[in-house]
>>> print(open('protein.cif').read())   # mmCIF, N, CA and C atoms
data_protein
#
loop_
_atom_site.label_atom_id
_atom_site.label_comp_id
_atom_site.auth_asym_id
_atom_site.auth_seq_id
_atom_site.Cartn_x
_atom_site.Cartn_y
_atom_site.Cartn_z
N MET W 11 -147.26 28.82 36.01
CA MET W 11 -147.07 28.20 37.29
C MET W 11 -145.81 27.35 37.24
N ARG W 12 -145.05 27.33 38.34
CA ARG W 12 -143.82 26.56 38.41
C ARG W 12 -144.11 25.08 38.57
N ASP W 13 -143.22 24.26 38.02
CA ASP W 13 -143.35 22.82 38.18
C ASP W 13 -142.82 22.36 39.52
N PHE W 14 -141.89 23.11 40.11
CA PHE W 14 -141.26 22.71 41.34
C PHE W 14 -141.45 23.80 42.39
N ALA W 15 -141.70 23.39 43.61
CA ALA W 15 -141.88 24.36 44.70
C ALA W 15 -140.52 24.68 45.30
N PHE W 16 -140.39 25.86 45.86
CA PHE W 16 -139.18 26.22 46.57
C PHE W 16 -139.57 26.66 47.96
N GLU W 17 -138.61 26.77 48.82
CA GLU W 17 -138.88 27.12 50.22
C GLU W 17 -138.85 28.63 50.37
N GLY W 18 -139.83 29.35 49.83
CA GLY W 18 -139.87 30.80 49.81
C GLY W 18 -139.66 31.44 51.16
N PRO W 19 -139.66 32.71 51.30
CA PRO W 19 -139.84 33.63 50.18
C PRO W 19 -138.53 33.89 49.45
N ALA W 20 -138.66 34.34 48.21
CA ALA W 20 -137.51 34.77 47.42
C ALA W 20 -137.68 36.26 47.19
N ALA W 21 -136.59 37.00 47.31
CA ALA W 21 -136.69 38.45 47.21
C ALA W 21 -135.78 38.99 46.12
N GLY W 22 -136.17 40.15 45.60
CA GLY W 22 -135.37 40.86 44.63
C GLY W 22 -135.49 42.35 44.89
N GLU W 23 -134.39 43.08 44.69
CA GLU W 23 -134.38 44.52 44.92
C GLU W 23 -133.89 45.25 43.69
N ALA W 24 -134.24 46.53 43.61
CA ALA W 24 -133.78 47.39 42.53
C ALA W 24 -133.80 48.83 43.02
N ALA W 25 -133.28 49.72 42.20
CA ALA W 25 -133.25 51.15 42.50
C ALA W 25 -132.63 51.41 43.87
N ASP W 26 -131.46 50.81 44.10
CA ASP W 26 -130.73 50.99 45.37
C ASP W 26 -131.57 50.61 46.58
N GLY W 27 -132.37 49.55 46.44
CA GLY W 27 -133.17 49.07 47.56
C GLY W 27 -134.48 49.80 47.75
N ARG W 28 -134.80 50.73 46.88
CA ARG W 28 -136.05 51.48 47.02
C ARG W 28 -137.25 50.68 46.53
N VAL W 29 -136.99 49.62 45.74
CA VAL W 29 -138.04 48.73 45.27
C VAL W 29 -137.64 47.32 45.70
N ARG W 30 -138.55 46.65 46.42
CA ARG W 30 -138.27 45.28 46.88
C ARG W 30 -139.50 44.42 46.62
N VAL W 31 -139.28 43.24 46.04
CA VAL W 31 -140.33 42.30 45.70
C VAL W 31 -140.04 41.00 46.43
N GLU W 32 -141.07 40.40 47.03
CA GLU W 32 -140.93 39.08 47.65
C GLU W 32 -141.96 38.15 47.02
N LEU W 33 -141.50 36.94 46.70
CA LEU W 33 -142.38 35.90 46.18
C LEU W 33 -142.54 34.83 47.24
N GLY W 34 -143.75 34.34 47.41
CA GLY W 34 -144.01 33.28 48.38
C GLY W 34 -143.56 31.94 47.85
N ALA W 35 -143.75 30.90 48.64
CA ALA W 35 -143.33 29.55 48.26
C ALA W 35 -144.05 29.06 47.00
N ASP W 36 -145.22 29.63 46.71
CA ASP W 36 -145.97 29.22 45.52
C ASP W 36 -145.56 30.01 44.28
N GLY W 37 -144.59 30.93 44.42
CA GLY W 37 -144.12 31.72 43.29
C GLY W 37 -144.93 32.97 43.03
N ARG W 38 -145.93 33.22 43.84
CA ARG W 38 -146.77 34.43 43.67
C ARG W 38 -146.23 35.58 44.52
N LEU W 39 -146.59 36.77 44.12
CA LEU W 39 -146.19 37.96 44.86
C LEU W 39 -146.72 37.91 46.27
N SER W 40 -145.83 38.00 47.26
CA SER W 40 -146.28 37.99 48.65
C SER W 40 -146.08 39.35 49.31
N ASP W 41 -145.13 40.15 48.80
CA ASP W 41 -144.92 41.47 49.38
C ASP W 41 -144.26 42.37 48.35
N LEU W 42 -144.59 43.63 48.41
CA LEU W 42 -144.00 44.63 47.54
C LEU W 42 -143.71 45.86 48.39
N TYR W 43 -142.44 46.26 48.43
CA TYR W 43 -142.06 47.45 49.19
C TYR W 43 -141.63 48.52 48.20
N LEU W 44 -142.23 49.68 48.32
CA LEU W 44 -141.85 50.84 47.52
C LEU W 44 -141.49 51.96 48.49
N ASP W 45 -140.24 52.35 48.48
CA ASP W 45 -139.79 53.48 49.30
C ASP W 45 -140.53 54.72 48.82
N PRO W 46 -140.95 55.60 49.72
CA PRO W 46 -141.67 56.81 49.29
C PRO W 46 -140.92 57.64 48.26
N ARG W 47 -139.60 57.52 48.22
CA ARG W 47 -138.81 58.29 47.25
C ARG W 47 -139.04 57.86 45.81
N VAL W 48 -139.64 56.66 45.59
CA VAL W 48 -139.88 56.24 44.22
C VAL W 48 -140.94 57.11 43.55
N ALA W 49 -141.70 57.83 44.35
CA ALA W 49 -142.71 58.73 43.78
C ALA W 49 -142.07 59.82 42.92
N TYR W 50 -140.80 60.08 43.15
CA TYR W 50 -140.10 61.11 42.39
C TYR W 50 -139.37 60.56 41.17
N LEU W 51 -139.39 59.24 40.99
CA LEU W 51 -138.75 58.65 39.82
C LEU W 51 -139.64 58.84 38.60
N PRO W 52 -139.04 59.03 37.45
CA PRO W 52 -139.85 59.03 36.23
C PRO W 52 -140.50 57.65 36.07
N VAL W 53 -141.66 57.62 35.46
CA VAL W 53 -142.43 56.39 35.31
C VAL W 53 -141.59 55.28 34.67
N GLU W 54 -140.80 55.62 33.65
CA GLU W 54 -140.00 54.60 32.97
C GLU W 54 -138.98 53.97 33.92
N GLN W 55 -138.36 54.78 34.79
CA GLN W 55 -137.38 54.25 35.75
C GLN W 55 -138.07 53.37 36.80
N LEU W 56 -139.25 53.77 37.24
CA LEU W 56 -140.00 52.96 38.20
C LEU W 56 -140.39 51.63 37.58
N ARG W 57 -140.85 51.67 36.34
CA ARG W 57 -141.20 50.45 35.63
C ARG W 57 -139.98 49.54 35.52
N ASP W 58 -138.85 50.08 35.10
CA ASP W 58 -137.63 49.28 34.96
C ASP W 58 -137.21 48.69 36.31
N ALA W 59 -137.34 49.48 37.38
CA ALA W 59 -136.97 48.99 38.71
C ALA W 59 -137.88 47.85 39.14
N LEU W 60 -139.18 47.96 38.88
CA LEU W 60 -140.11 46.90 39.22
C LEU W 60 -139.79 45.62 38.45
N VAL W 61 -139.55 45.76 37.16
CA VAL W 61 -139.21 44.59 36.34
C VAL W 61 -137.91 43.96 36.85
N GLU W 62 -136.92 44.78 37.16
CA GLU W 62 -135.64 44.29 37.66
C GLU W 62 -135.81 43.55 38.99
N ALA W 63 -136.62 44.10 39.90
CA ALA W 63 -136.84 43.47 41.20
C ALA W 63 -137.60 42.15 41.04
N PHE W 64 -138.62 42.13 40.20
CA PHE W 64 -139.36 40.89 39.96
C PHE W 64 -138.45 39.83 39.35
N THR W 65 -137.64 40.22 38.38
CA THR W 65 -136.73 39.28 37.74
C THR W 65 -135.73 38.72 38.74
N ALA W 66 -135.20 39.59 39.60
CA ALA W 66 -134.25 39.13 40.61
C ALA W 66 -134.90 38.16 41.58
N ALA W 67 -136.15 38.43 41.97
CA ALA W 67 -136.86 37.53 42.88
C ALA W 67 -137.13 36.19 42.20
N GLN W 68 -137.53 36.23 40.94
CA GLN W 68 -137.77 34.98 40.21
C GLN W 68 -136.48 34.19 40.04
N ASP W 69 -135.38 34.88 39.78
CA ASP W 69 -134.09 34.20 39.67
C ASP W 69 -133.70 33.56 41.00
N ALA W 70 -133.94 34.29 42.10
CA ALA W 70 -133.64 33.74 43.43
C ALA W 70 -134.49 32.52 43.70
N ALA W 71 -135.76 32.56 43.30
CA ALA W 71 -136.64 31.41 43.49
C ALA W 71 -136.16 30.25 42.62
N GLY W 72 -135.75 30.55 41.40
CA GLY W 72 -135.28 29.51 40.49
C GLY W 72 -134.03 28.84 40.99
N ASP W 73 -133.19 29.57 41.71
CA ASP W 73 -131.96 28.99 42.26
C ASP W 73 -132.26 27.98 43.35
N ARG W 74 -133.46 28.07 43.93
CA ARG W 74 -133.79 27.19 45.05
C ARG W 74 -134.74 26.06 44.66
N THR W 75 -135.01 25.91 43.37
CA THR W 75 -135.91 24.83 42.98
C THR W 75 -135.17 23.51 43.02
N GLY W 76 -135.92 22.49 43.15
CA GLY W 76 -135.34 21.15 43.18
C GLY W 76 -136.38 20.16 42.73
N PRO W 77 -136.14 18.90 42.94
CA PRO W 77 -137.13 17.91 42.53
C PRO W 77 -138.39 18.04 43.37
N PRO W 78 -139.53 17.62 42.84
CA PRO W 78 -140.77 17.69 43.62
C PRO W 78 -140.59 16.92 44.93
N THR W 79 -141.11 17.50 46.00
CA THR W 79 -140.99 16.84 47.30
C THR W 79 -142.35 16.74 47.95
N SER W 80 -142.45 15.82 48.90
CA SER W 80 -143.67 15.70 49.67
C SER W 80 -143.67 16.80 50.72
N GLY W 81 -144.71 16.87 51.51
CA GLY W 81 -144.79 17.86 52.58
C GLY W 81 -143.72 17.64 53.64
N TYR W 82 -143.06 16.49 53.59
CA TYR W 82 -142.03 16.19 54.57
C TYR W 82 -140.63 16.40 54.02
N GLY W 83 -140.52 16.92 52.80
CA GLY W 83 -139.23 17.23 52.24
C GLY W 83 -138.54 16.05 51.57
N THR W 84 -139.22 14.94 51.44
CA THR W 84 -138.62 13.79 50.77
C THR W 84 -139.09 13.74 49.32
N PRO W 85 -138.23 13.26 48.42
CA PRO W 85 -138.63 13.20 47.01
C PRO W 85 -139.86 12.30 46.81
N VAL W 86 -140.66 12.66 45.83
CA VAL W 86 -141.86 11.90 45.51
C VAL W 86 -141.61 11.16 44.20
N ALA W 87 -141.85 9.86 44.19
CA ALA W 87 -141.70 9.07 42.98
C ALA W 87 -142.85 9.40 42.03
N PRO W 88 -142.54 9.75 40.77
CA PRO W 88 -143.60 10.11 39.82
C PRO W 88 -144.66 9.02 39.65
N ASP W 89 -144.24 7.75 39.62
CA ASP W 89 -145.23 6.67 39.46
C ASP W 89 -146.17 6.60 40.65
N ARG W 90 -145.61 6.81 41.83
CA ARG W 90 -146.44 6.79 43.04
C ARG W 90 -147.42 7.95 43.04
N LEU W 91 -146.95 9.11 42.59
CA LEU W 91 -147.81 10.28 42.51
C LEU W 91 -148.94 10.05 41.50
N LYS W 92 -148.61 9.48 40.34
CA LYS W 92 -149.65 9.18 39.34
C LYS W 92 -150.69 8.22 39.89
N ALA W 93 -150.24 7.20 40.60
CA ALA W 93 -151.16 6.22 41.17
C ALA W 93 -152.07 6.88 42.20
N ALA W 94 -151.50 7.74 43.04
CA ALA W 94 -152.30 8.42 44.06
C ALA W 94 -153.33 9.34 43.42
N LEU W 95 -152.93 10.04 42.35
CA LEU W 95 -153.87 10.93 41.65
C LEU W 95 -154.98 10.12 40.98
N ALA W 96 -154.63 8.97 40.38
CA ALA W 96 -155.64 8.14 39.74
C ALA W 96 -156.63 7.61 40.78
N GLU W 97 -156.12 7.20 41.93
CA GLU W 97 -156.99 6.70 42.99
C GLU W 97 -157.92 7.80 43.50
N ALA W 98 -157.38 9.00 43.68
CA ALA W 98 -158.19 10.13 44.14
C ALA W 98 -159.26 10.47 43.11
N SER W 99 -158.90 10.41 41.84
CA SER W 99 -159.86 10.70 40.77
C SER W 99 -160.98 9.67 40.75
N ASP W 100 -160.62 8.39 40.87
CA ASP W 100 -161.64 7.34 40.91
C ASP W 100 -162.56 7.51 42.11
N SER W 101 -161.98 7.81 43.24
CA SER W 101 -162.76 8.00 44.45
C SER W 101 -163.72 9.18 44.30
N ALA W 102 -163.24 10.27 43.70
CA ALA W 102 -164.08 11.44 43.49
C ALA W 102 -165.23 11.11 42.53
N GLU W 103 -164.94 10.35 41.47
CA GLU W 103 -165.99 9.98 40.53
C GLU W 103 -167.07 9.14 41.21
N ARG W 104 -166.65 8.18 42.04
CA ARG W 104 -167.63 7.35 42.76
C ARG W 104 -168.48 8.21 43.69
N ARG W 105 -167.81 9.13 44.38
CA ARG W 105 -168.54 9.99 45.34
C ARG W 105 -169.54 10.88 44.61
N PHE W 106 -169.13 11.45 43.46
CA PHE W 106 -170.04 12.29 42.69
C PHE W 106 -171.22 11.47 42.16
N ALA W 107 -170.99 10.22 41.79
CA ALA W 107 -172.09 9.36 41.34
C ALA W 107 -173.07 9.12 42.48
N GLU W 108 -172.56 8.90 43.70
CA GLU W 108 -173.43 8.72 44.87
C GLU W 108 -174.25 9.96 45.13
N ILE W 109 -173.61 11.12 45.05
CA ILE W 109 -174.31 12.38 45.29
C ILE W 109 -175.36 12.61 44.22
N SER W 110 -175.02 12.30 42.97
CA SER W 110 -175.97 12.47 41.87
C SER W 110 -177.20 11.58 42.08
N THR W 111 -176.97 10.35 42.50
CA THR W 111 -178.08 9.43 42.76
C THR W 111 -178.95 9.96 43.90
N ALA W 112 -178.32 10.43 44.97
CA ALA W 112 -179.07 10.96 46.10
C ALA W 112 -179.90 12.18 45.68
N LEU W 113 -179.32 13.06 44.90
CA LEU W 113 -180.06 14.25 44.43
C LEU W 113 -181.22 13.85 43.52
N SER W 114 -180.98 12.86 42.67
CA SER W 114 -182.04 12.38 41.79
C SER W 114 -183.20 11.80 42.62
N ASP W 115 -182.87 11.00 43.65
CA ASP W 115 -183.90 10.45 44.53
C ASP W 115 -184.68 11.56 45.22
N LEU W 116 -183.97 12.56 45.72
CA LEU W 116 -184.64 13.69 46.38
C LEU W 116 -185.56 14.43 45.42
N SER W 117 -185.09 14.59 44.20
CA SER W 117 -185.89 15.28 43.19
C SER W 117 -187.17 14.51 42.89
N ARG W 118 -187.06 13.18 42.74
CA ARG W 118 -188.24 12.36 42.48
C ARG W 118 -189.21 12.41 43.65
N ARG W 119 -188.69 12.35 44.88
CA ARG W 119 -189.55 12.38 46.04
C ARG W 119 -190.28 13.71 46.19
N SER W 120 -189.59 14.77 45.85
CA SER W 120 -190.22 16.09 46.02
C SER W 120 -191.32 16.31 45.00
N ALA W 121 -191.30 15.58 43.87
CA ALA W 121 -192.33 15.73 42.85
C ALA W 121 -193.58 14.94 43.20
N ARG W 122 -193.48 13.99 44.14
CA ARG W 122 -194.64 13.17 44.53
C ARG W 122 -195.50 13.91 45.54
N PRO W 123 -196.79 13.78 45.42
CA PRO W 123 -197.65 14.34 46.47
C PRO W 123 -197.59 13.44 47.70
N TRP W 124 -197.66 13.98 48.85
CA TRP W 124 -197.57 13.21 50.10
C TRP W 124 -198.88 12.62 50.34
#
>>> encode(input="protein.cif", output="structure tokens")
Amino acid sequence: MRDFAFEGPAAGEAADGRVRVELGADGRLSDLYLDPRVAYLPVEQLRDALVEAFTAAQDAAGDRTGPPTSGYGTPVAPDRLKAALAEASDSAERRFAEISTALSDLSRRSARPW
């Protein structure tokens, strides 16, 4: 997985445009175009074309990487991000403790005869 997001999609082509690969903003494959004529290529040439197209798309994505940004396109301070993640983690732990207590209470109540 990439450390930095880019403003996808990034594309790469091979075999005179008969193979085209697009990567989404998350760096995953978002589209693959294979011209019907690739069916006549030897398997080794098709494999090489796919690798070439993927590599070109990854290179194009790599050219557009930059520092981590917020959803608004502004840089995010690493210390601020760490603090936000720590706060979210603490909040999640408290919430899970509350849920665990509630489930335990329900379990005890269900074992009692009415």
>>> residues_around(input="protein.cif", residues="W:Ala21", least_positions_apart="4", cutoff="8 Å", atoms="only N, CA and C atoms", output="MDAnalysis selection string")
chainID W and resid 30:34 63:71
>>> atom_distance(input="protein.cif", atom1="atom CA of W:Glu62", atom2="atom CA of W:Val29")
9.1 Å
>>> atom_distance(input="protein.cif", atom1="atom N of W:Ala87", atom2="atom C of W:Gly72")
20.8 Å
>>> atom_distance(input="protein.cif", atom1="atom CA of W:Asp36", atom2="atom CA of W:Ala20")
10.3 Å
>>> closest_residue(input="protein.cif", among="W:Ala25, W:Glu97, W:Leu113, W:Ala121", to="W:Asp58", atoms="only C-alpha atoms")
W:Ala25
>>> axis_aligned_box(input="protein.cif", around="stretch 62-72 of chain W", padding_each_side="8 Å", output="AutoDock Vina command-line options")
--center_x -136.5 --center_y 36.8 --center_z 40.4 --size_x 21.7 --size_y 31.9 --size_z 22.5
>>> select_by_dssp(input="protein.cif", residues="stretch 25-98 of chain W", states="alpha helix (DSSP H)", output="JSON, numbers by chain")
{"W": [53, 54, 55, 56, 57, 58, 59, 60, 61, 62, 63, 64, 65, 66, 67, 68, 69, 70, 71, 72, 73, 88, 89, 90, 91, 92, 93, 94, 95, 96, 97, 98]}
>>> closest_residue(input="protein.cif", among="W:Ala96, W:Ala35, W:Arg28, W:Ser101", to="W:Ala49", atoms="only C-alpha atoms")
W:Arg28
>>> select_by_dssp(input="protein.cif", residues="stretch 37-121 of chain W", states="strand (DSSP E)", output="PyMOL selection string")
chain W and resi 39-44
>>> decode(input="protein.cif", residues="stretch 105-116 of chain W", atoms="all heavy atoms", output="tab-separated table (two decimals), in the first residue's frame")
chain	number	residue	atom	x	y	z
W	105	ARG	N	-15.78	3.11	24.21
W	105	ARG	CA	-17.07	2.66	23.65
W	105	ARG	C	-17.19	1.14	23.71
W	105	ARG	O	-18.24	0.60	24.04
W	105	ARG	CB	-17.19	3.17	22.21
W	105	ARG	CG	-18.54	3.01	21.65
W	105	ARG	CD	-19.52	3.96	22.33
W	105	ARG	NE	-20.82	3.75	21.75
W	105	ARG	CZ	-21.92	3.58	22.45
W	105	ARG	NH1	-21.91	3.68	23.74
W	105	ARG	NH2	-23.06	3.36	21.86
W	106	PHE	N	-16.09	0.43	23.38
W	106	PHE	CA	-16.11	-1.03	23.45
W	106	PHE	C	-16.31	-1.51	24.88
W	106	PHE	O	-16.98	-2.51	25.13
W	106	PHE	CB	-14.84	-1.64	22.85
W	106	PHE	CG	-14.81	-1.62	21.35
W	106	PHE	CD1	-13.70	-1.15	20.68
W	106	PHE	CD2	-15.89	-2.06	20.60
W	106	PHE	CE1	-13.67	-1.12	19.30
W	106	PHE	CE2	-15.87	-2.03	19.21
W	106	PHE	CZ	-14.75	-1.55	18.56
W	107	ALA	N	-15.73	-0.81	25.84
W	107	ALA	CA	-15.92	-1.17	27.26
W	107	ALA	C	-17.39	-1.00	27.64
W	107	ALA	O	-17.95	-1.86	28.35
W	107	ALA	CB	-15.03	-0.31	28.15
W	108	GLU	N	-18.03	0.09	27.18
W	108	GLU	CA	-19.45	0.30	27.45
W	108	GLU	C	-20.29	-0.81	26.84
W	108	GLU	O	-21.22	-1.33	27.48
W	108	GLU	CB	-19.90	1.66	26.90
W	108	GLU	CG	-19.32	2.85	27.62
W	108	GLU	CD	-19.61	4.15	26.90
W	108	GLU	OE1	-20.38	4.15	25.90
W	108	GLU	OE2	-19.07	5.18	27.32
W	109	ILE	N	-19.98	-1.17	25.62
W	109	ILE	CA	-20.74	-2.23	24.93
W	109	ILE	C	-20.54	-3.56	25.65
W	109	ILE	O	-21.48	-4.33	25.85
W	109	ILE	CB	-20.31	-2.32	23.45
W	109	ILE	CG1	-20.78	-1.07	22.69
W	109	ILE	CG2	-20.85	-3.58	22.79
W	109	ILE	CD1	-20.21	-0.93	21.29
W	110	SER	N	-19.30	-3.83	26.07
W	110	SER	CA	-19.01	-5.07	26.78
W	110	SER	C	-19.80	-5.15	28.08
W	110	SER	O	-20.37	-6.20	28.42
W	110	SER	CB	-17.51	-5.16	27.07
W	110	SER	OG	-17.22	-6.31	27.81
W	111	THR	N	-19.86	-4.04	28.80
W	111	THR	CA	-20.62	-4.00	30.05
W	111	THR	C	-22.10	-4.23	29.78
W	111	THR	O	-22.76	-5.00	30.48
W	111	THR	CB	-20.42	-2.64	30.76
W	111	THR	OG1	-19.03	-2.47	31.03
W	111	THR	CG2	-21.20	-2.56	32.05
W	112	ALA	N	-22.64	-3.59	28.75
W	112	ALA	CA	-24.05	-3.75	28.41
W	112	ALA	C	-24.34	-5.20	28.02
W	112	ALA	O	-25.36	-5.77	28.44
W	112	ALA	CB	-24.43	-2.81	27.27
W	113	LEU	N	-23.48	-5.82	27.25
W	113	LEU	CA	-23.68	-7.22	26.86
W	113	LEU	C	-23.60	-8.14	28.07
W	113	LEU	O	-24.36	-9.11	28.18
W	113	LEU	CB	-22.66	-7.63	25.80
W	113	LEU	CG	-22.86	-7.03	24.41
W	113	LEU	CD1	-21.69	-7.40	23.50
W	113	LEU	CD2	-24.17	-7.51	23.81
W	114	SER	N	-22.67	-7.85	28.97
W	114	SER	CA	-22.54	-8.66	30.18
W	114	SER	C	-23.82	-8.55	31.02
W	114	SER	O	-24.32	-9.56	31.53
W	114	SER	CB	-21.33	-8.18	30.99
W	114	SER	OG	-21.21	-8.92	32.16
W	115	ASP	N	-24.35	-7.32	31.17
W	115	ASP	CA	-25.60	-7.13	31.91
W	115	ASP	C	-26.75	-7.90	31.26
W	115	ASP	O	-27.55	-8.55	31.95
W	115	ASP	CB	-25.97	-5.64	31.99
W	115	ASP	CG	-25.05	-4.87	32.92
W	115	ASP	OD1	-24.31	-5.50	33.71
W	115	ASP	OD2	-25.07	-3.62	32.83
W	116	LEU	N	-26.84	-7.82	29.94
W	116	LEU	CA	-27.89	-8.56	29.23
W	116	LEU	C	-27.76	-10.06	29.43
W	116	LEU	O	-28.74	-10.76	29.60
W	116	LEU	CB	-27.86	-8.21	27.74
W	116	LEU	CG	-28.38	-6.84	27.35
W	116	LEU	CD1	-28.11	-6.58	25.87
W	116	LEU	CD2	-29.87	-6.74	27.63
